[in-house]
>>> print(open('coords_7.txt').read())   # compact mmCIF, N, CA and C atoms
# COMPACT_ATOMS: atom_id res chain seq x y z
N MET A 1 -21.47 0.42 10.23
CA MET A 1 -20.35 0.30 9.35
C MET A 1 -20.85 0.34 7.91
N ILE A 2 -20.18 1.12 7.07
CA ILE A 2 -20.56 1.25 5.68
C ILE A 2 -19.95 0.10 4.89
N GLU A 3 -20.79 -0.58 4.12
CA GLU A 3 -20.32 -1.68 3.28
C GLU A 3 -19.53 -1.12 2.11
N SER A 4 -18.51 -1.82 1.74
CA SER A 4 -17.77 -1.46 0.54
C SER A 4 -17.48 -2.74 -0.24
N SER A 5 -17.27 -2.57 -1.53
CA SER A 5 -16.91 -3.72 -2.35
C SER A 5 -15.58 -3.42 -3.02
N ARG A 6 -14.82 -4.47 -3.26
CA ARG A 6 -13.55 -4.26 -3.94
C ARG A 6 -13.34 -5.36 -4.96
N GLN A 7 -12.59 -4.99 -5.98
CA GLN A 7 -12.26 -5.93 -7.05
C GLN A 7 -10.75 -5.85 -7.28
N ILE A 8 -10.07 -6.94 -7.05
CA ILE A 8 -8.63 -6.99 -7.27
C ILE A 8 -8.39 -7.12 -8.78
N VAL A 9 -7.59 -6.22 -9.31
CA VAL A 9 -7.30 -6.19 -10.74
C VAL A 9 -5.92 -6.80 -11.02
N PHE A 10 -4.96 -6.54 -10.14
CA PHE A 10 -3.61 -7.06 -10.31
C PHE A 10 -3.16 -7.76 -9.03
N ARG A 11 -2.54 -8.91 -9.16
CA ARG A 11 -1.91 -9.63 -8.05
C ARG A 11 -0.47 -9.90 -8.48
N LEU A 12 0.46 -9.25 -7.80
CA LEU A 12 1.86 -9.30 -8.22
C LEU A 12 2.75 -9.84 -7.11
N PRO A 13 3.70 -10.70 -7.46
CA PRO A 13 4.66 -11.16 -6.45
C PRO A 13 5.66 -10.05 -6.13
N LEU A 14 6.17 -10.08 -4.93
CA LEU A 14 7.23 -9.16 -4.52
C LEU A 14 8.42 -10.00 -4.10
N ARG A 15 9.42 -10.06 -4.97
CA ARG A 15 10.63 -10.83 -4.67
C ARG A 15 11.90 -10.05 -4.93
N ILE A 16 11.89 -9.23 -5.99
CA ILE A 16 13.07 -8.46 -6.38
C ILE A 16 12.67 -7.01 -6.65
N ASP A 17 13.68 -6.13 -6.75
CA ASP A 17 13.41 -4.71 -6.92
C ASP A 17 12.54 -4.39 -8.13
N SER A 18 12.71 -5.14 -9.21
CA SER A 18 11.90 -4.85 -10.39
C SER A 18 10.41 -5.13 -10.14
N ASP A 19 10.09 -5.98 -9.18
CA ASP A 19 8.69 -6.21 -8.81
C ASP A 19 8.07 -4.94 -8.21
N VAL A 20 8.87 -4.18 -7.48
CA VAL A 20 8.39 -2.92 -6.91
C VAL A 20 8.05 -1.95 -8.03
N ALA A 21 8.92 -1.85 -9.02
CA ALA A 21 8.67 -0.97 -10.16
C ALA A 21 7.42 -1.40 -10.93
N HIS A 22 7.23 -2.71 -11.06
CA HIS A 22 6.05 -3.24 -11.74
C HIS A 22 4.78 -2.85 -10.97
N ALA A 23 4.82 -2.95 -9.65
CA ALA A 23 3.66 -2.57 -8.82
C ALA A 23 3.35 -1.08 -9.00
N ARG A 24 4.38 -0.25 -8.98
CA ARG A 24 4.19 1.20 -9.20
C ARG A 24 3.50 1.46 -10.54
N ALA A 25 3.96 0.78 -11.57
CA ALA A 25 3.39 0.98 -12.91
C ALA A 25 1.92 0.58 -12.95
N ARG A 26 1.58 -0.51 -12.30
CA ARG A 26 0.20 -0.97 -12.29
C ARG A 26 -0.70 -0.01 -11.48
N VAL A 27 -0.16 0.54 -10.39
CA VAL A 27 -0.93 1.53 -9.63
C VAL A 27 -1.20 2.75 -10.50
N ARG A 28 -0.18 3.22 -11.19
CA ARG A 28 -0.36 4.38 -12.08
C ARG A 28 -1.42 4.08 -13.15
N GLN A 29 -1.33 2.90 -13.73
CA GLN A 29 -2.28 2.50 -14.78
C GLN A 29 -3.71 2.51 -14.26
N LEU A 30 -3.94 1.89 -13.13
CA LEU A 30 -5.29 1.79 -12.59
C LEU A 30 -5.81 3.16 -12.14
N CYS A 31 -4.98 3.94 -11.49
CA CYS A 31 -5.40 5.27 -11.03
C CYS A 31 -5.74 6.20 -12.19
N THR A 32 -4.96 6.11 -13.26
CA THR A 32 -5.22 6.95 -14.43
C THR A 32 -6.60 6.62 -15.00
N GLY A 33 -6.91 5.35 -15.07
CA GLY A 33 -8.22 4.93 -15.56
C GLY A 33 -9.37 5.33 -14.65
N GLN A 34 -9.05 5.61 -13.39
CA GLN A 34 -10.08 6.00 -12.42
C GLN A 34 -10.23 7.51 -12.31
N GLY A 35 -9.42 8.27 -13.06
CA GLY A 35 -9.57 9.72 -13.09
C GLY A 35 -8.89 10.50 -11.99
N PHE A 36 -7.89 9.93 -11.35
CA PHE A 36 -7.16 10.66 -10.32
C PHE A 36 -6.19 11.65 -10.94
N SER A 37 -5.83 12.67 -10.18
CA SER A 37 -4.87 13.67 -10.63
C SER A 37 -3.46 13.07 -10.61
N ILE A 38 -2.54 13.70 -11.33
CA ILE A 38 -1.15 13.25 -11.36
C ILE A 38 -0.57 13.23 -9.95
N GLY A 39 -0.85 14.24 -9.15
CA GLY A 39 -0.34 14.29 -7.78
C GLY A 39 -0.85 13.14 -6.93
N GLU A 40 -2.13 12.83 -7.04
CA GLU A 40 -2.70 11.71 -6.30
C GLU A 40 -2.10 10.39 -6.76
N ILE A 41 -1.94 10.25 -8.07
CA ILE A 41 -1.38 9.01 -8.63
C ILE A 41 0.05 8.80 -8.13
N GLU A 42 0.85 9.85 -8.18
CA GLU A 42 2.25 9.72 -7.75
C GLU A 42 2.35 9.47 -6.25
N ALA A 43 1.47 10.05 -5.48
CA ALA A 43 1.48 9.81 -4.03
C ALA A 43 1.21 8.33 -3.74
N LEU A 44 0.19 7.76 -4.39
CA LEU A 44 -0.13 6.35 -4.16
C LEU A 44 0.97 5.45 -4.72
N ALA A 45 1.53 5.81 -5.86
CA ALA A 45 2.61 5.00 -6.44
C ALA A 45 3.83 5.00 -5.52
N THR A 46 4.15 6.15 -4.95
CA THR A 46 5.29 6.24 -4.04
C THR A 46 5.04 5.44 -2.76
N ALA A 47 3.84 5.58 -2.20
CA ALA A 47 3.49 4.82 -0.99
C ALA A 47 3.54 3.32 -1.29
N THR A 48 3.09 2.93 -2.47
CA THR A 48 3.15 1.52 -2.86
C THR A 48 4.59 1.03 -2.91
N SER A 49 5.47 1.84 -3.47
CA SER A 49 6.90 1.48 -3.50
C SER A 49 7.45 1.23 -2.11
N GLU A 50 7.10 2.11 -1.19
CA GLU A 50 7.62 2.00 0.18
C GLU A 50 7.18 0.71 0.85
N VAL A 51 5.90 0.40 0.76
CA VAL A 51 5.41 -0.79 1.46
C VAL A 51 5.80 -2.07 0.74
N ALA A 52 5.88 -2.02 -0.59
CA ALA A 52 6.31 -3.20 -1.34
C ALA A 52 7.78 -3.51 -1.06
N ARG A 53 8.59 -2.48 -1.03
CA ARG A 53 10.02 -2.68 -0.75
C ARG A 53 10.21 -3.23 0.67
N ASN A 54 9.40 -2.76 1.61
CA ASN A 54 9.48 -3.28 2.98
C ASN A 54 9.23 -4.78 3.02
N ALA A 55 8.28 -5.25 2.24
CA ALA A 55 7.99 -6.70 2.22
C ALA A 55 9.21 -7.48 1.76
N ILE A 56 9.89 -6.97 0.75
CA ILE A 56 11.07 -7.66 0.23
C ILE A 56 12.22 -7.59 1.23
N VAL A 57 12.48 -6.40 1.77
CA VAL A 57 13.62 -6.21 2.68
C VAL A 57 13.44 -6.97 3.99
N HIS A 58 12.26 -6.88 4.58
CA HIS A 58 12.06 -7.43 5.92
C HIS A 58 11.53 -8.87 5.95
N ALA A 59 10.86 -9.29 4.87
CA ALA A 59 10.30 -10.64 4.85
C ALA A 59 10.91 -11.53 3.77
N GLY A 60 11.67 -10.93 2.87
CA GLY A 60 12.27 -11.70 1.78
C GLY A 60 11.39 -11.79 0.55
N GLU A 61 10.08 -11.72 0.75
CA GLU A 61 9.12 -11.75 -0.36
C GLU A 61 7.73 -11.46 0.18
N GLY A 62 6.83 -11.24 -0.74
CA GLY A 62 5.43 -10.98 -0.39
C GLY A 62 4.63 -10.87 -1.66
N GLU A 63 3.51 -10.17 -1.57
CA GLU A 63 2.70 -9.91 -2.75
C GLU A 63 1.97 -8.60 -2.57
N VAL A 64 1.59 -8.03 -3.70
CA VAL A 64 0.79 -6.81 -3.67
C VAL A 64 -0.46 -7.05 -4.51
N LEU A 65 -1.57 -6.63 -3.95
CA LEU A 65 -2.86 -6.71 -4.62
C LEU A 65 -3.29 -5.28 -4.92
N ILE A 66 -3.70 -5.02 -6.13
CA ILE A 66 -4.09 -3.67 -6.55
C ILE A 66 -5.47 -3.77 -7.18
N GLY A 67 -6.38 -2.94 -6.71
CA GLY A 67 -7.73 -3.03 -7.24
C GLY A 67 -8.55 -1.79 -7.03
N THR A 68 -9.81 -1.92 -7.34
CA THR A 68 -10.75 -0.82 -7.14
C THR A 68 -11.60 -1.11 -5.92
N ILE A 69 -12.10 -0.05 -5.33
CA ILE A 69 -12.95 -0.17 -4.16
C ILE A 69 -14.06 0.87 -4.27
N SER A 70 -15.24 0.52 -3.80
CA SER A 70 -16.33 1.49 -3.83
C SER A 70 -17.23 1.29 -2.62
N SER A 71 -17.84 2.39 -2.22
CA SER A 71 -18.83 2.37 -1.16
C SER A 71 -19.98 3.28 -1.62
N LEU A 72 -20.84 3.66 -0.72
CA LEU A 72 -22.02 4.42 -1.12
C LEU A 72 -21.72 5.68 -1.92
N ALA A 73 -20.82 6.54 -1.42
CA ALA A 73 -20.63 7.84 -2.05
C ALA A 73 -19.25 8.06 -2.64
N ARG A 74 -18.43 7.03 -2.66
CA ARG A 74 -17.09 7.25 -3.17
C ARG A 74 -16.52 5.97 -3.77
N ALA A 75 -15.49 6.17 -4.55
CA ALA A 75 -14.79 5.05 -5.17
C ALA A 75 -13.31 5.35 -5.10
N GLY A 76 -12.51 4.33 -5.30
CA GLY A 76 -11.09 4.57 -5.23
C GLY A 76 -10.28 3.38 -5.68
N VAL A 77 -8.99 3.47 -5.36
CA VAL A 77 -8.04 2.42 -5.66
C VAL A 77 -7.45 1.94 -4.35
N ILE A 78 -7.33 0.63 -4.22
CA ILE A 78 -6.80 0.03 -3.00
C ILE A 78 -5.55 -0.78 -3.35
N VAL A 79 -4.55 -0.67 -2.49
CA VAL A 79 -3.31 -1.42 -2.64
C VAL A 79 -3.09 -2.17 -1.33
N ILE A 80 -2.91 -3.46 -1.42
CA ILE A 80 -2.65 -4.29 -0.25
C ILE A 80 -1.31 -4.98 -0.44
N ALA A 81 -0.36 -4.64 0.40
CA ALA A 81 0.96 -5.29 0.37
C ALA A 81 1.02 -6.20 1.58
N ARG A 82 1.35 -7.47 1.35
CA ARG A 82 1.37 -8.40 2.48
C ARG A 82 2.53 -9.38 2.35
N ASP A 83 2.94 -9.86 3.51
CA ASP A 83 4.04 -10.82 3.54
C ASP A 83 3.81 -11.78 4.70
N SER A 84 4.60 -12.82 4.73
CA SER A 84 4.53 -13.81 5.81
C SER A 84 5.82 -13.78 6.61
N GLY A 85 6.38 -12.60 6.75
CA GLY A 85 7.66 -12.43 7.43
C GLY A 85 7.55 -12.43 8.94
N PRO A 86 8.54 -11.84 9.60
CA PRO A 86 8.61 -11.89 11.06
C PRO A 86 7.58 -11.02 11.76
N GLY A 87 6.93 -10.12 11.05
CA GLY A 87 5.97 -9.23 11.69
C GLY A 87 6.68 -8.06 12.36
N ILE A 88 5.89 -7.13 12.84
CA ILE A 88 6.41 -5.92 13.49
C ILE A 88 6.04 -5.98 14.96
N PRO A 89 7.03 -6.12 15.85
CA PRO A 89 6.71 -6.25 17.27
C PRO A 89 6.15 -4.97 17.90
N ASN A 90 6.54 -3.80 17.40
CA ASN A 90 6.07 -2.54 17.98
C ASN A 90 5.65 -1.62 16.85
N ILE A 91 4.39 -1.66 16.48
CA ILE A 91 3.88 -0.87 15.36
C ILE A 91 4.04 0.62 15.62
N ASP A 92 3.76 1.07 16.83
CA ASP A 92 3.90 2.50 17.13
C ASP A 92 5.33 2.97 16.87
N ARG A 93 6.28 2.19 17.29
CA ARG A 93 7.70 2.55 17.08
C ARG A 93 8.05 2.50 15.60
N ALA A 94 7.54 1.51 14.89
CA ALA A 94 7.81 1.37 13.46
C ALA A 94 7.28 2.56 12.67
N MET A 95 6.28 3.25 13.20
CA MET A 95 5.70 4.39 12.51
C MET A 95 6.43 5.70 12.84
N ASP A 96 7.45 5.64 13.68
CA ASP A 96 8.27 6.81 13.98
C ASP A 96 9.29 7.04 12.87
N ASP A 97 9.40 8.27 12.39
CA ASP A 97 10.43 8.60 11.41
C ASP A 97 11.80 8.23 11.96
N GLY A 98 12.60 7.56 11.16
CA GLY A 98 13.97 7.24 11.54
C GLY A 98 14.16 5.90 12.23
N PHE A 99 13.07 5.22 12.59
CA PHE A 99 13.21 3.90 13.23
C PHE A 99 13.25 2.83 12.16
N SER A 100 14.26 1.98 12.21
CA SER A 100 14.37 0.90 11.24
C SER A 100 15.02 -0.30 11.89
N THR A 101 14.55 -1.48 11.51
CA THR A 101 15.20 -2.71 11.95
C THR A 101 16.03 -3.29 10.82
N GLY A 102 16.11 -2.57 9.72
CA GLY A 102 16.87 -3.03 8.57
C GLY A 102 17.87 -1.98 8.12
N PRO A 103 18.32 -2.09 6.89
CA PRO A 103 19.36 -1.20 6.40
C PRO A 103 18.87 0.18 5.97
N GLY A 104 17.57 0.42 5.94
CA GLY A 104 17.03 1.68 5.44
C GLY A 104 17.08 2.81 6.45
N LEU A 105 16.52 3.93 6.04
CA LEU A 105 16.50 5.13 6.87
C LEU A 105 15.34 5.17 7.85
N GLY A 106 14.43 4.22 7.76
CA GLY A 106 13.29 4.21 8.67
C GLY A 106 12.24 5.25 8.31
N LEU A 107 12.11 5.53 7.03
CA LEU A 107 11.14 6.53 6.58
C LEU A 107 10.00 5.93 5.76
N GLY A 108 10.10 4.65 5.40
CA GLY A 108 9.14 4.03 4.49
C GLY A 108 7.71 4.02 4.98
N LEU A 109 7.45 3.40 6.11
CA LEU A 109 6.08 3.32 6.62
C LEU A 109 5.52 4.69 7.00
N PRO A 110 6.28 5.52 7.74
CA PRO A 110 5.74 6.84 8.07
C PRO A 110 5.46 7.68 6.82
N SER A 111 6.32 7.58 5.81
CA SER A 111 6.10 8.32 4.57
C SER A 111 4.85 7.83 3.85
N ALA A 112 4.69 6.51 3.77
CA ALA A 112 3.50 5.95 3.12
C ALA A 112 2.24 6.43 3.83
N ARG A 113 2.27 6.46 5.15
CA ARG A 113 1.10 6.93 5.91
C ARG A 113 0.77 8.38 5.57
N ARG A 114 1.80 9.21 5.39
CA ARG A 114 1.56 10.62 5.07
C ARG A 114 1.06 10.82 3.64
N LEU A 115 1.40 9.91 2.75
CA LEU A 115 1.08 10.08 1.33
C LEU A 115 -0.35 9.73 0.94
N VAL A 116 -0.98 8.87 1.71
CA VAL A 116 -2.34 8.45 1.36
C VAL A 116 -3.32 8.78 2.48
N PRO A 117 -4.54 9.11 2.12
CA PRO A 117 -5.52 9.48 3.14
C PRO A 117 -6.01 8.31 4.00
N ASP A 118 -5.89 7.10 3.48
CA ASP A 118 -6.39 5.93 4.21
C ASP A 118 -5.28 4.88 4.25
N PHE A 119 -4.67 4.73 5.43
CA PHE A 119 -3.53 3.84 5.64
C PHE A 119 -3.86 2.92 6.79
N ARG A 120 -3.62 1.64 6.59
CA ARG A 120 -3.85 0.67 7.67
C ARG A 120 -2.69 -0.32 7.69
N LEU A 121 -2.19 -0.56 8.90
CA LEU A 121 -1.08 -1.49 9.09
C LEU A 121 -1.51 -2.54 10.10
N ASP A 122 -1.44 -3.79 9.68
CA ASP A 122 -1.75 -4.92 10.56
C ASP A 122 -0.55 -5.84 10.56
N SER A 123 -0.10 -6.24 11.73
CA SER A 123 1.06 -7.13 11.80
C SER A 123 0.95 -8.02 13.02
N VAL A 124 1.34 -9.27 12.82
CA VAL A 124 1.37 -10.23 13.91
C VAL A 124 2.77 -10.84 13.91
N VAL A 125 3.44 -10.74 15.04
CA VAL A 125 4.79 -11.27 15.15
C VAL A 125 4.77 -12.76 14.82
N GLY A 126 5.66 -13.16 13.94
CA GLY A 126 5.76 -14.56 13.51
C GLY A 126 4.80 -14.95 12.40
N GLU A 127 3.90 -14.05 12.02
CA GLU A 127 2.92 -14.38 10.98
C GLU A 127 2.97 -13.47 9.78
N GLY A 128 3.42 -12.24 9.95
CA GLY A 128 3.54 -11.35 8.81
C GLY A 128 2.86 -10.02 8.98
N THR A 129 2.92 -9.25 7.91
CA THR A 129 2.44 -7.87 7.93
C THR A 129 1.59 -7.61 6.69
N THR A 130 0.53 -6.84 6.88
CA THR A 130 -0.31 -6.39 5.78
C THR A 130 -0.49 -4.89 5.90
N VAL A 131 -0.20 -4.19 4.81
CA VAL A 131 -0.41 -2.74 4.76
C VAL A 131 -1.44 -2.47 3.67
N THR A 132 -2.47 -1.73 4.03
CA THR A 132 -3.52 -1.39 3.08
C THR A 132 -3.53 0.12 2.86
N LEU A 133 -3.41 0.51 1.60
CA LEU A 133 -3.43 1.91 1.19
C LEU A 133 -4.67 2.13 0.34
N THR A 134 -5.44 3.16 0.65
CA THR A 134 -6.62 3.44 -0.16
C THR A 134 -6.65 4.91 -0.53
N LEU A 135 -6.83 5.15 -1.80
CA LEU A 135 -6.97 6.50 -2.34
C LEU A 135 -8.41 6.64 -2.81
N TRP A 136 -9.16 7.52 -2.17
CA TRP A 136 -10.58 7.70 -2.47
C TRP A 136 -10.80 8.94 -3.31
N ARG A 137 -11.81 8.90 -4.11
CA ARG A 137 -12.33 10.10 -4.77
C ARG A 137 -13.83 10.12 -4.54
N VAL A 138 -14.36 11.30 -4.41
CA VAL A 138 -15.80 11.45 -4.19
C VAL A 138 -16.50 11.27 -5.52
N GLU A 139 -17.52 10.46 -5.52
CA GLU A 139 -18.30 10.23 -6.72
C GLU A 139 -19.22 11.43 -6.95
N PRO A 140 -19.29 11.93 -8.16
CA PRO A 140 -20.25 13.02 -8.44
C PRO A 140 -21.68 12.51 -8.31
N PRO A 141 -22.59 13.37 -7.87
CA PRO A 141 -23.98 12.93 -7.74
C PRO A 141 -24.53 12.49 -9.10
N ALA A 142 -25.37 11.47 -9.07
CA ALA A 142 -25.94 10.94 -10.31
C ALA A 142 -27.02 11.85 -10.85
>>> encode(input="coords_7.txt", output="structure tokens")
Amino acid sequence: MIESSRQIVFRLPLRIDSDVAHARARVRQLCTGQGFSIGEIEALATATSEVARNAIVHAGEGEVLIGTISSLARAGVIVIARDSGPGIPNIDRAMDDGFSTGPGLGLGLPSARRLVPDFRLDSVVGEGTTVTLTLWRVEPPA
């Protein structure tokens, strides 16, 4: 297993819709400083919106952690959205387009997965859900 290090730069509460917009803005800010393209930045910002909104809709509240991550040959930006809500009883089903247990269209999680190259969803019923999004860039040789 390759070791990686991460540094959380922003820790934001997720309680209301404006918190989602704030998270998007912070993702854009950090990605711009890391040299990502506009397309990459918008993809991660959109995926962040989807998972942050899910925490509010399905758990009532949560938090998002936004930071940098690096390993031997690459660096990137990591977004961790987590909540202490009811959890997801069937992750495979939740990742199907159109499946929703709430008022939405059921496109949030599947869309977020398509938007970022590194997507991880962990959920325990009765304990909550954590979604980790990572956008990597290859480091140029020294």
>>> select_by_dssp(input="coords_7.txt", residues="segment 48-85 of chain A", states="helix (DSSP H, G or I)", output="list in words")
Thr48, Ser49, Glu50, Val51, Ala52, Arg53, Asn54, Ala55, Ile56, Val57, His58 and Ala59 of chain A
>>> closest_residue(input="coords_7.txt", among="A:Ala73, A:Val57, A:Ala47, A:Ile88", to="Leu115 of chain A", atoms="only C-alpha atoms")
A:Ala47
>>> closest_residue(input="coords_7.txt", among="A:Gly33, A:Pro117, A:Gly85, A:Gly39", to="His58 of chain A", atoms="only N, CA and C atoms")
A:Gly85
>>> atom_distance(input="coords_7.txt", atom1="atom CA of Ala55 of chain A", atom2="atom N of Ser71 of chain A")
27.7 Å
>>> atom_distance(input="coords_7.txt", atom1="atom CA of Arg82 of chain A", atom2="atom CA of Pro13 of chain A")
9.9 Å
>>> residues_around(input="coords_7.txt", residues="Ile8 of chain A", least_positions_apart="2", cutoff="6 Å", atoms="only N, CA and C atoms", output="list in words")
Arg6, Phe10, Ile66, Gly67 and Thr68 of chain A
>>> residues_around(input="coords_7.txt", residues="Leu65 of chain A", least_positions_apart="3", cutoff="7 Å", atoms="only C-alpha atoms", output="PDB file with N, CA and C atoms, in the frame of the given file")
ATOM      1  N   ILE A   8     -10.070  -6.940  -7.050  1.00  0.00           N
ATOM      2  CA  ILE A   8      -8.630  -6.990  -7.270  1.00  0.00           C
ATOM      3  C   ILE A   8      -8.390  -7.120  -8.780  1.00  0.00           C
ATOM      4  N   PHE A  10      -4.960  -6.540 -10.140  1.00  0.00           N
ATOM      5  CA  PHE A  10      -3.610  -7.060 -10.310  1.00  0.00           C
ATOM      6  C   PHE A  10      -3.160  -7.760  -9.030  1.00  0.00           C
ATOM      7  N   ARG A  11      -2.540  -8.910  -9.160  1.00  0.00           N
ATOM      8  CA  ARG A  11      -1.910  -9.630  -8.050  1.00  0.00           C
ATOM      9  C   ARG A  11      -0.470  -9.900  -8.480  1.00  0.00           C
ATOM     10  N   LEU A  12       0.460  -9.250  -7.800  1.00  0.00           N
ATOM     11  CA  LEU A  12       1.860  -9.300  -8.220  1.00  0.00           C
ATOM     12  C   LEU A  12       2.750  -9.840  -7.110  1.00  0.00           C
ATOM     13  N   VAL A  79      -4.550  -0.670  -2.490  1.00  0.00           N
ATOM     14  CA  VAL A  79      -3.310  -1.420  -2.640  1.00  0.00           C
ATOM     15  C   VAL A  79      -3.090  -2.170  -1.330  1.00  0.00           C
ATOM     16  N   ILE A  80      -2.910  -3.460  -1.420  1.00  0.00           N
ATOM     17  CA  ILE A  80      -2.650  -4.290  -0.250  1.00  0.00           C
ATOM     18  C   ILE A  80      -1.310  -4.980  -0.440  1.00  0.00           C
ATOM     19  N   ALA A  81      -0.360  -4.640   0.400  1.00  0.00           N
ATOM     20  CA  ALA A  81       0.960  -5.290   0.370  1.00  0.00           C
ATOM     21  C   ALA A  81       1.020  -6.200   1.580  1.00  0.00           C
TER      22      ALA A  81
END
>>> atom_distance(input="coords_7.txt", atom1="atom N of Gln34 of chain A", atom2="atom C of Thr48 of chain A")
17.8 Å
>>> select_by_dssp(input="coords_7.txt", residues="segment 15-89 of chain A", states="strand (DSSP E or B)", output="list in words")
Gly62, Glu63, Val64, Leu65, Ile66, Gly67, Thr68, Ile69, Ser70, Arg74, Ala75, Gly76, Val77, Ile78, Val79, Ile80, Ala81, Arg82 and Asp83 of chain A
